[in-house]
file final23.cif (mmCIF, C-alpha atoms, pLDDT in the B column; chains and numbers go by the auth columns)
data_model
loop_
_atom_site.group_PDB
_atom_site.id
_atom_site.type_symbol
_atom_site.label_atom_id
_atom_site.label_comp_id
_atom_site.label_asym_id
_atom_site.label_seq_id
_atom_site.Cartn_x
_atom_site.Cartn_y
_atom_site.Cartn_z
_atom_site.B_iso_or_equiv
_atom_site.auth_seq_id
_atom_site.auth_asym_id
ATOM 1 C CA MET A 1 -100.242 8.591 -115.063 72.00 237 A
ATOM 2 C CA GLY A 2 -102.640 10.079 -112.538 78.00 238 A
ATOM 3 C CA GLY A 3 -104.493 12.078 -115.174 82.00 239 A
ATOM 4 C CA GLU A 4 -104.890 9.107 -117.499 84.00 240 A
ATOM 5 C CA ALA A 5 -106.166 6.938 -114.645 86.00 241 A
ATOM 6 C CA PHE A 6 -108.661 9.600 -113.523 86.00 242 A
ATOM 7 C CA LEU A 7 -109.987 10.003 -117.064 88.00 243 A
ATOM 8 C CA GLY A 8 -109.938 6.285 -117.843 86.00 244 A
ATOM 9 C CA TYR A 9 -112.007 5.351 -114.804 89.00 245 A
ATOM 10 C CA GLY A 10 -114.354 8.242 -115.551 88.00 246 A
ATOM 11 C CA ALA A 11 -114.793 7.080 -119.153 89.00 247 A
ATOM 12 C CA PHE A 12 -115.497 3.533 -117.991 89.00 248 A
ATOM 13 C CA ASN A 13 -118.079 4.741 -115.476 90.00 249 A
ATOM 14 C CA THR A 14 -119.882 7.006 -117.981 89.00 250 A
ATOM 15 C CA LYS A 15 -120.006 4.508 -120.863 90.00 251 A
ATOM 16 C CA ARG A 16 -123.802 4.345 -120.728 90.00 252 A
ATOM 17 C CA ILE A 17 -124.027 8.130 -121.041 90.00 253 A
ATOM 18 C CA THR A 18 -121.391 8.684 -123.729 90.00 254 A
ATOM 19 C CA GLY A 19 -121.314 5.351 -125.532 89.00 255 A
ATOM 20 C CA GLN A 20 -117.502 5.320 -125.197 88.00 256 A
ATOM 21 C CA ASP A 21 -115.276 3.624 -122.670 89.00 257 A
ATOM 22 C CA THR A 22 -112.073 5.369 -123.758 88.00 258 A
ATOM 23 C CA ILE A 23 -110.820 8.939 -123.709 90.00 259 A
ATOM 24 C CA ASN A 24 -109.238 11.008 -126.449 90.00 260 A
ATOM 25 C CA PHE A 25 -105.595 10.624 -125.448 90.00 261 A
ATOM 26 C CA LEU A 26 -104.469 12.817 -128.340 92.00 262 A
ATOM 27 C CA ASN A 27 -106.437 15.814 -127.035 91.00 263 A
ATOM 28 C CA PHE A 28 -105.243 15.115 -123.510 92.00 264 A
ATOM 29 C CA ARG A 29 -101.564 14.935 -124.505 92.00 265 A
ATOM 30 C CA GLN A 30 -101.873 18.074 -126.652 95.00 266 A
ATOM 31 C CA ASP A 31 -103.343 19.965 -123.700 94.00 267 A
ATOM 32 C CA ILE A 32 -100.438 18.800 -121.535 93.00 268 A
ATOM 33 C CA ALA A 33 -97.945 19.895 -124.212 95.00 269 A
ATOM 34 C CA GLU A 34 -99.613 23.338 -124.301 96.00 270 A
ATOM 35 C CA CYS A 35 -99.224 23.573 -120.485 95.00 271 A
ATOM 36 C CA LYS A 36 -102.954 23.997 -119.922 93.00 272 A
ATOM 37 C CA THR A 37 -104.257 24.039 -116.373 92.00 273 A
ATOM 38 C CA TRP A 38 -105.346 20.640 -115.086 90.00 274 A
ATOM 39 C CA ASP A 39 -108.987 21.443 -114.433 91.00 275 A
ATOM 40 C CA MET A 40 -112.402 20.071 -115.322 90.00 276 A
ATOM 41 C CA ASP A 41 -112.398 21.893 -118.687 91.00 277 A
ATOM 42 C CA MET A 42 -109.195 20.140 -119.688 91.00 278 A
ATOM 43 C CA PHE A 43 -110.592 16.782 -118.623 90.00 279 A
ATOM 44 C CA ALA A 44 -113.891 17.451 -120.418 89.00 280 A
ATOM 45 C CA ASN A 45 -111.928 18.062 -123.620 89.00 281 A
ATOM 46 C CA ALA A 46 -110.637 14.470 -123.475 90.00 282 A
ATOM 47 C CA MET A 47 -113.891 12.787 -122.361 90.00 283 A
ATOM 48 C CA GLY A 48 -116.671 11.646 -124.664 86.00 284 A
ATOM 49 C CA THR A 49 -119.739 13.818 -125.119 87.00 285 A
ATOM 50 C CA PRO A 50 -123.141 12.576 -123.934 86.00 286 A
ATOM 51 C CA LYS A 51 -125.181 10.891 -126.653 85.00 287 A
ATOM 52 C CA GLU A 52 -128.697 12.001 -127.308 79.00 288 A
#
call {"tool": "encode", "arguments": {"input": "final23.cif", "output": "C-alpha coordinates"}}
result
Amino acid sequence: MGGEAFLGYGAFNTKRITGQDTINFLNFRQDIAECKTWDMDMFANAMGTPKE
(Lines of atoms letter the chains of each structure in order from A and count residues from 1; the text may use other names and numbers.)
(Lines give C-alpha, C1' and ligand atoms only; values in the text may rest on other atoms or scores of the structure.)
Protein backbone atom coordinates (compact mmCIF):
# COMPACT_ATOMS: atom_id res chain seq x y z
CA MET A 1 0.00 0.00 0.00
CA GLY A 2 2.88 2.36 0.68
CA GLY A 3 4.10 2.23 -2.91
CA GLU A 4 0.66 2.89 -4.36
CA ALA A 5 0.14 5.83 -2.00
CA PHE A 6 3.55 7.32 -2.84
CA LEU A 7 2.87 7.04 -6.57
CA GLY A 8 -0.75 8.16 -6.32
CA TYR A 9 0.09 11.36 -4.46
CA GLY A 10 2.95 11.97 -6.89
CA ALA A 11 0.64 11.52 -9.88
CA PHE A 12 -1.90 13.91 -8.36
CA ASN A 13 0.77 16.53 -7.71
CA THR A 14 2.26 16.30 -11.23
CA LYS A 15 -1.04 16.35 -13.14
CA ARG A 16 -0.20 19.69 -14.75
CA ILE A 17 3.10 18.31 -16.03
CA THR A 18 1.91 14.90 -17.23
CA GLY A 19 -1.77 15.48 -17.93
CA GLN A 20 -2.60 12.37 -15.86
CA ASP A 21 -3.68 12.02 -12.27
CA THR A 22 -3.33 8.24 -12.13
CA ILE A 23 -0.44 5.81 -12.37
CA ASN A 24 -0.04 2.69 -14.46
CA PHE A 25 -0.88 0.09 -11.83
CA LEU A 26 -0.32 -2.74 -14.30
CA ASN A 27 3.33 -1.77 -14.82
CA PHE A 28 3.77 -1.26 -11.10
CA ARG A 29 2.33 -4.68 -10.19
CA GLN A 30 4.37 -6.39 -12.92
CA ASP A 31 7.55 -4.82 -11.54
CA ILE A 32 6.64 -6.08 -8.07
CA ALA A 33 5.97 -9.57 -9.46
CA GLU A 34 9.41 -9.52 -11.14
CA CYS A 35 10.99 -8.59 -7.76
CA LYS A 36 12.50 -5.38 -9.12
CA THR A 37 14.22 -3.03 -6.71
CA TRP A 38 11.96 -0.33 -5.30
CA ASP A 39 13.82 2.69 -6.63
CA MET A 40 13.09 5.81 -8.64
CA ASP A 41 13.41 3.91 -11.94
CA MET A 42 10.68 1.51 -10.89
CA PHE A 43 8.45 4.38 -9.82
CA ALA A 44 9.16 6.29 -13.04
CA ASN A 45 7.99 3.25 -15.00
CA ALA A 46 4.53 3.59 -13.41
CA MET A 47 4.26 7.41 -13.57
CA GLY A 48 3.04 9.40 -16.55
CA THR A 49 5.54 11.01 -18.89
CA PRO A 50 5.73 14.81 -19.16
CA LYS A 51 3.68 16.23 -22.01
CA GLU A 52 5.27 18.56 -24.47
call {"tool": "atom_distance", "arguments": {"input": "final23.cif", "atom1": "atom CA of Phe242 of chain A", "atom2": "atom CA of Phe279 of chain A"}}
result
9.0 Å
call {"tool": "atom_distance", "arguments": {"input": "final23.cif", "atom1": "atom CA of Asn249 of chain A", "atom2": "atom CA of Ala269 of chain A"}}
result
26.7 Å
call {"tool": "closest_residue", "arguments": {"input": "final23.cif", "among": "A:Leu243, A:Phe261, A:Met237, A:Thr250", "to": "Asp275 of chain A", "atoms": "all atoms listed in the file"}}
result
A:Leu243
call {"tool": "resolve_selection", "arguments": {"input": "final23.cif", "expression": "the PyMOL selection byres ((chain A and resi 280-284) around 8)", "output": "VMD selection string"}}
result
chain A and resid 243 247 254 to 256 258 to 261 263 to 264 276 to 279 285 to 286
call {"tool": "atom_distance", "arguments": {"input": "final23.cif", "atom1": "atom CA of Ile268 of chain A", "atom2": "atom CA of Phe248 of chain A"}}
result
21.7 Å
call {"tool": "axis_aligned_box", "arguments": {"input": "final23.cif", "around": "segment 270-279 of chain A", "padding_each_side": "3 Å", "output": "lines of an AutoDock Vina configuration file"}}
result
center_x = -105.8
center_y = 20.4
center_z = -119.4
size_x = 19.2
size_y = 13.3
size_z = 15.9
